[in-house]
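One structure below.
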Amino acid sequence: MEKLRFFLIFLLFPSILFAQQRTKIILQSSALMNVDTKTNITKLKNPVFLHDNAILSSDSANFFTERNYVEFFSHVHINQGDTLNVYSDFLNYDGNTKNAHLTGKVRLEDRTPTILTTDLLDYNTGTRIGQYYDGGKIVNKDVTLTSKRGWYFANTKDAFFRYNVVTVTPQSTIKTDTMRYNTLSNWTYFYGPTNIKGKTDNLYTENGAYNTASENAYFGKKNLYTEGSKSLKGDSLYYDGKKGYGKAVKNIIFMDTQDKTLLKGQLGEYYKVDERVVVTKNAYFAMGTKDSVTVGKKKMPDSLFLGADTLETQRVLLKSLKVLNRPIVQKNNQVGEDEEKEKEAKEKEKAEARKQLAEEAKIKKTAPVETNGNGATTSNKKDSVVAFNPADTVRTRAIRAYHNVRVFKTNMQAKADSLFYTAADSTLRWYKNPMLWSEGTQQTGDTIHVFFKNDKIHSFQVIENGFIVNVETDSTKFNQVKGKLITGFFSNGNVRDVYVDGNAESIYYNRDEKGVYQNMSQSVSGRIRFKFDDKELTDITYVKGDEGVTHPIDKLPKETLLTGFIWKPELRPTSKADIIKGLPAKKAPVKPKATTKPKTTPTVKGKDPSGIKPILPTKKSEVKPIIKEEKAPDSLMKEITPRLKIDTLKKN
């Protein structure tokens, strides 16, 4: 590898490969000359020599005429065409090879301006290449480079560094093993493990280029960018430092350990000013939870995987978000908002505000006190302290997903056109034709919210046009529930209670203890509650104005589907591979022959592809759902709707 690097350097400077024409060193002037005839050595005081395009001078020198060789002592100076000057304490110069061996306080300067300092330097006046072996430093404007070994090419303004290379700029400190730097263009090239440390961030690479003036960069091998708890990986990274814009290509991994988030894809963009990352091409997001899943009789943490055509993650101001409160069951089986988190947040803000005020009180500046002739104070100014609200500066993680959104979790799967998530309330929000599957049940509506608490799935809400479908084992009979608002609660990862409110309608198939279908119940109510135990329905409660009818199984009506019925099991993600790779491309539909009219009742063949046991109907023998009727207060609908507004960002 070492030989290869030097070979490449020589290719850049082909003049080195050719033999140099030998010329005589010419003595132009001196203050005193003494010739030793025995040794043929001329001793000179304040000599000035000319050799090709170089002028060499010093306080004294020994000139070996036959050897075409000079020894210079004290205040040595080499000048080449007013473009380069070299200074040192001592110099041995060979006119045949044009090699200058300088020692003692060596200093090389060019017009860039670039200053190289070292204790020992070999410089060739023909090729204009200098090299040091035991430590050196190059200073170019605001850039300082140090290394153990170095080569400087005056013709091209290139400097090549090896071992313990450190570059210091106003923006960053670069540490590497092998590097090339052009003092004219300010481009730095890395050929080994490199760390570029900024004021708040660090970038590791093993191959790339960085401009110390424009702060533009390209990195092409084992790249890792870190800033606080955030990190970004990619096979190739491009970065514009002044604009704060970066692009990552292929095998992208964005991670935030503070928010416990992981984002992957094949193409990404980074915007430093608003801490935003946009990932496309097989983009997916993974979030750890405390829910567990059994794999081979062993419980393991269950993660949530989210995929979309475009994923965007950003640190946003907490005050810009409309934070949602989790729904909870209150007295009399009423659903309301969980205000615990909101109270905790407000108390935290008050505590931080008090702390800030106390700190400001210690360092507050008082107005100057003026006195009159009698020594009385004339200033009436009072100190004022402005209250500090932490929510004005606190930032939190937000994730947006656009188009073909897919979610897979062992106990929940979903799809939608778009999604929003923020760590501020740990809530997933699905928009535009969302579908959510849990066990053997499908849920649809205008908007779906899924709430997490302590990293565990807590509840869900289907807002406006909510519809729940559960398929029976023969996949021809569907249990259905619809309403304006559907709220469900989880316990240990399983659905515990479901509340349907607002013109609640239901169709349910009843079976006897042997599993034989008996009848179909159809009802309309202001509110329906479904209670589950071990994934099975155990109780149905109708509240406020129950109206219903029961049809024997052999006398079912022609229409057994509620208005708005949707059943799309083929769209359900069945594994995290569906999230990472996406669903396979659909084949072109085959136009049906127009020979017969389509049936009004759709026929669904086959079983639910998820293979998960449906929740409904109950399989417990000798236990039938207990149907109750209760009256609810008139304010029930207001209390059960914790929040119907779905905007996630406040309007300015």
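Residues are named by chain letter and number: chains run A, B, ... in the order of the structure tokens, numbers start at 1 in each chain, and ligands are numbered from 1 in the order shown.
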
For segment 313-318 of chain A: contacts at 9 Å, only C-alpha atoms, fewer than 3 positions along chain excluded, given as number ranges by chain: A: 263, 274-279, 321-323, 391-401, 424

Write out, as JSON lines, each residue of segment 267-332 of chain A that has an atom at most 9 Å from segment 453-470 of chain A, together with the closest pair of atoms and their distance in Å to one decimal, counting only C-alpha atoms, rows going by chain and rising number.
{"residue": "A:Gly288", "atom": "CA", "partner": "A:Asp455", "partner_atom": "CA", "distance": 7.6}
{"residue": "A:Thr289", "atom": "CA", "partner": "A:Asp455", "partner_atom": "CA", "distance": 4.7}
{"residue": "A:Lys290", "atom": "CA", "partner": "A:Asp455", "partner_atom": "CA", "distance": 5.3}
{"residue": "A:Asp291", "atom": "CA", "partner": "A:Lys456", "partner_atom": "CA", "distance": 5.5}
{"residue": "A:Arg326", "atom": "CA", "partner": "A:Ser459", "partner_atom": "CA", "distance": 7.5}
{"residue": "A:Pro327", "atom": "CA", "partner": "A:Ser459", "partner_atom": "CA", "distance": 7.3}
{"residue": "A:Ile328", "atom": "CA", "partner": "A:Ser459", "partner_atom": "CA", "distance": 8.6}

Would you export the selected residues with C-alpha atoms as a compact mmCIF listing (two decimals), in the first residue's frame, please?
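Once everything was written out, this is selection18.txt:
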# COMPACT_ATOMS: atom_id res chain seq x y z
CA GLY A 288 -38.28 -0.45 20.37
CA THR A 289 -41.14 -1.22 22.76
CA LYS A 290 -41.51 -3.04 26.06
CA ASP A 291 -44.15 -5.37 24.65
CA ARG A 326 -54.44 9.13 25.88
CA PRO A 327 -58.05 8.00 26.34
CA ILE A 328 -58.94 6.36 29.67

Please provide the set of residues having any atom within 8 Å of segment 132-137 of chain A, restricted to only C-alpha atoms, with same-chain residues fewer than 5 positions apart removed, written as a ChimeraX atom specification. /A:116-122,144-151

Can you spit out the residues from that selection as a tab-separated table (two decimals), in the first residue's frame, using C-alpha atoms?
chain	number	residue	atom	x	y	z
A	116	LEU	CA	6.10	25.02	6.45
A	117	THR	CA	8.24	24.69	9.57
A	118	THR	CA	10.34	21.72	10.70
A	119	ASP	CA	13.79	20.86	12.07
A	120	LEU	CA	14.92	18.86	9.05
A	121	LEU	CA	13.88	19.24	5.41
A	122	ASP	CA	15.07	17.77	2.14
A	144	THR	CA	-2.79	24.48	10.59
A	145	LEU	CA	-1.56	20.97	9.73
A	146	THR	CA	0.91	18.88	11.70
A	147	SER	CA	2.25	15.37	11.06
A	148	LYS	CA	5.25	13.16	11.65
A	149	ARG	CA	6.16	12.93	7.96
A	150	GLY	CA	5.24	15.23	5.11
A	151	TRP	CA	5.87	16.10	1.47

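Residue nearest Thr487 of chain A within the list A:Ser236, A:Gln443, A:Gln522, A:Ser320: A:Gln443 [criterion: smallest interatomic distance, only C-alpha atoms].
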
Please report, as a tab-separated table, each residue of segment 459-486 of chain A lying at most 9 Å from segment 492-506 of chain A, together with the nearest pair of atoms and the separation in Å rounded to one decimal; use only C-alpha atoms, and order rows by chain and ascending residue number.
residue	atom	partner	partner_atom	distance
A:Ser459	CA	A:Val495	CA	8.4
A:Gly466	CA	A:Val500	CA	8.5
A:Asn479	CA	A:Ser506	CA	7.6
A:Gln480	CA	A:Ser506	CA	5.4
A:Val481	CA	A:Ser506	CA	4.3
A:Lys482	CA	A:Glu505	CA	5.3
A:Gly483	CA	A:Ala504	CA	4.5
A:Lys484	CA	A:Gly502	CA	5.0
A:Leu485	CA	A:Asp501	CA	5.3
A:Ile486	CA	A:Val500	CA	4.5

Could you name the residues that touch Arg406 of chain A at 12 Å or less, counting only C-alpha atoms, but leaving out those on the same chain fewer than 4 positions away, as a ChimeraX atom specification? /A:282-286,304-311,401-402,412-419,430,434-437,571-583

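Atom pair atom CA of Asp235 of chain A / atom CA of Leu262 of chain A has a distance of 17.0 Å (rounded to one decimal).
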
Return as a ChimeraX atom specification the full set of residues in segment 538-585 of chain A whose backbone-based DSSP assignment is strand (DSSP E). /A:538-543,547-552

Save out the residues we just selected, N, CA, C and O atoms, as a CSV table (one decimal), in the first residue's frame.
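File produced: out_28.csv:
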chain,number,residue,atom,x,y,z
A,538,THR,N,-66.4,-11.7,25.7
A,538,THR,CA,-67.2,-12.3,26.8
A,538,THR,C,-68.4,-11.4,27.2
A,538,THR,O,-69.2,-11.9,27.9
A,539,ASP,N,-68.5,-10.2,26.7
A,539,ASP,CA,-69.5,-9.4,27.2
A,539,ASP,C,-69.8,-8.3,26.2
A,539,ASP,O,-68.9,-7.6,25.7
A,540,ILE,N,-71.1,-8.0,25.9
A,540,ILE,CA,-71.6,-6.9,25.0
A,540,ILE,C,-72.6,-6.1,25.8
A,540,ILE,O,-73.5,-6.7,26.3
A,541,THR,N,-72.3,-4.8,25.9
A,541,THR,CA,-73.2,-3.9,26.6
A,541,THR,C,-73.7,-2.8,25.7
A,541,THR,O,-72.9,-2.1,25.1
A,542,TYR,N,-75.1,-2.8,25.5
A,542,TYR,CA,-75.7,-1.7,24.7
A,542,TYR,C,-76.1,-0.6,25.6
A,542,TYR,O,-76.8,-0.8,26.6
A,543,VAL,N,-75.8,0.6,25.2
A,543,VAL,CA,-76.1,1.8,26.1
A,543,VAL,C,-76.9,2.8,25.2
A,543,VAL,O,-76.5,3.1,24.1
A,547,GLU,N,-81.8,-0.8,19.7
A,547,GLU,CA,-82.8,-1.4,18.8
A,547,GLU,C,-82.1,-2.5,18.0
A,547,GLU,O,-81.1,-2.3,17.4
A,548,GLY,N,-82.8,-3.6,18.0
A,548,GLY,CA,-82.1,-4.7,17.3
A,548,GLY,C,-83.1,-5.8,16.8
A,548,GLY,O,-84.3,-5.8,17.2
A,549,VAL,N,-82.6,-6.7,16.0
A,549,VAL,CA,-83.4,-7.8,15.5
A,549,VAL,C,-82.4,-9.0,15.3
A,549,VAL,O,-81.2,-8.8,15.1
A,550,THR,N,-83.0,-10.2,15.5
A,550,THR,CA,-82.2,-11.4,15.4
A,550,THR,C,-82.8,-12.2,14.3
A,550,THR,O,-84.0,-12.5,14.2
A,551,HIS,N,-81.9,-12.7,13.4
A,551,HIS,CA,-82.3,-13.6,12.3
A,551,HIS,C,-81.8,-15.0,12.4
A,551,HIS,O,-80.6,-15.1,12.7
A,552,PRO,N,-82.7,-16.0,12.3
A,552,PRO,CA,-82.1,-17.4,12.4
A,552,PRO,C,-81.1,-17.6,11.2
A,552,PRO,O,-81.2,-16.9,10.2
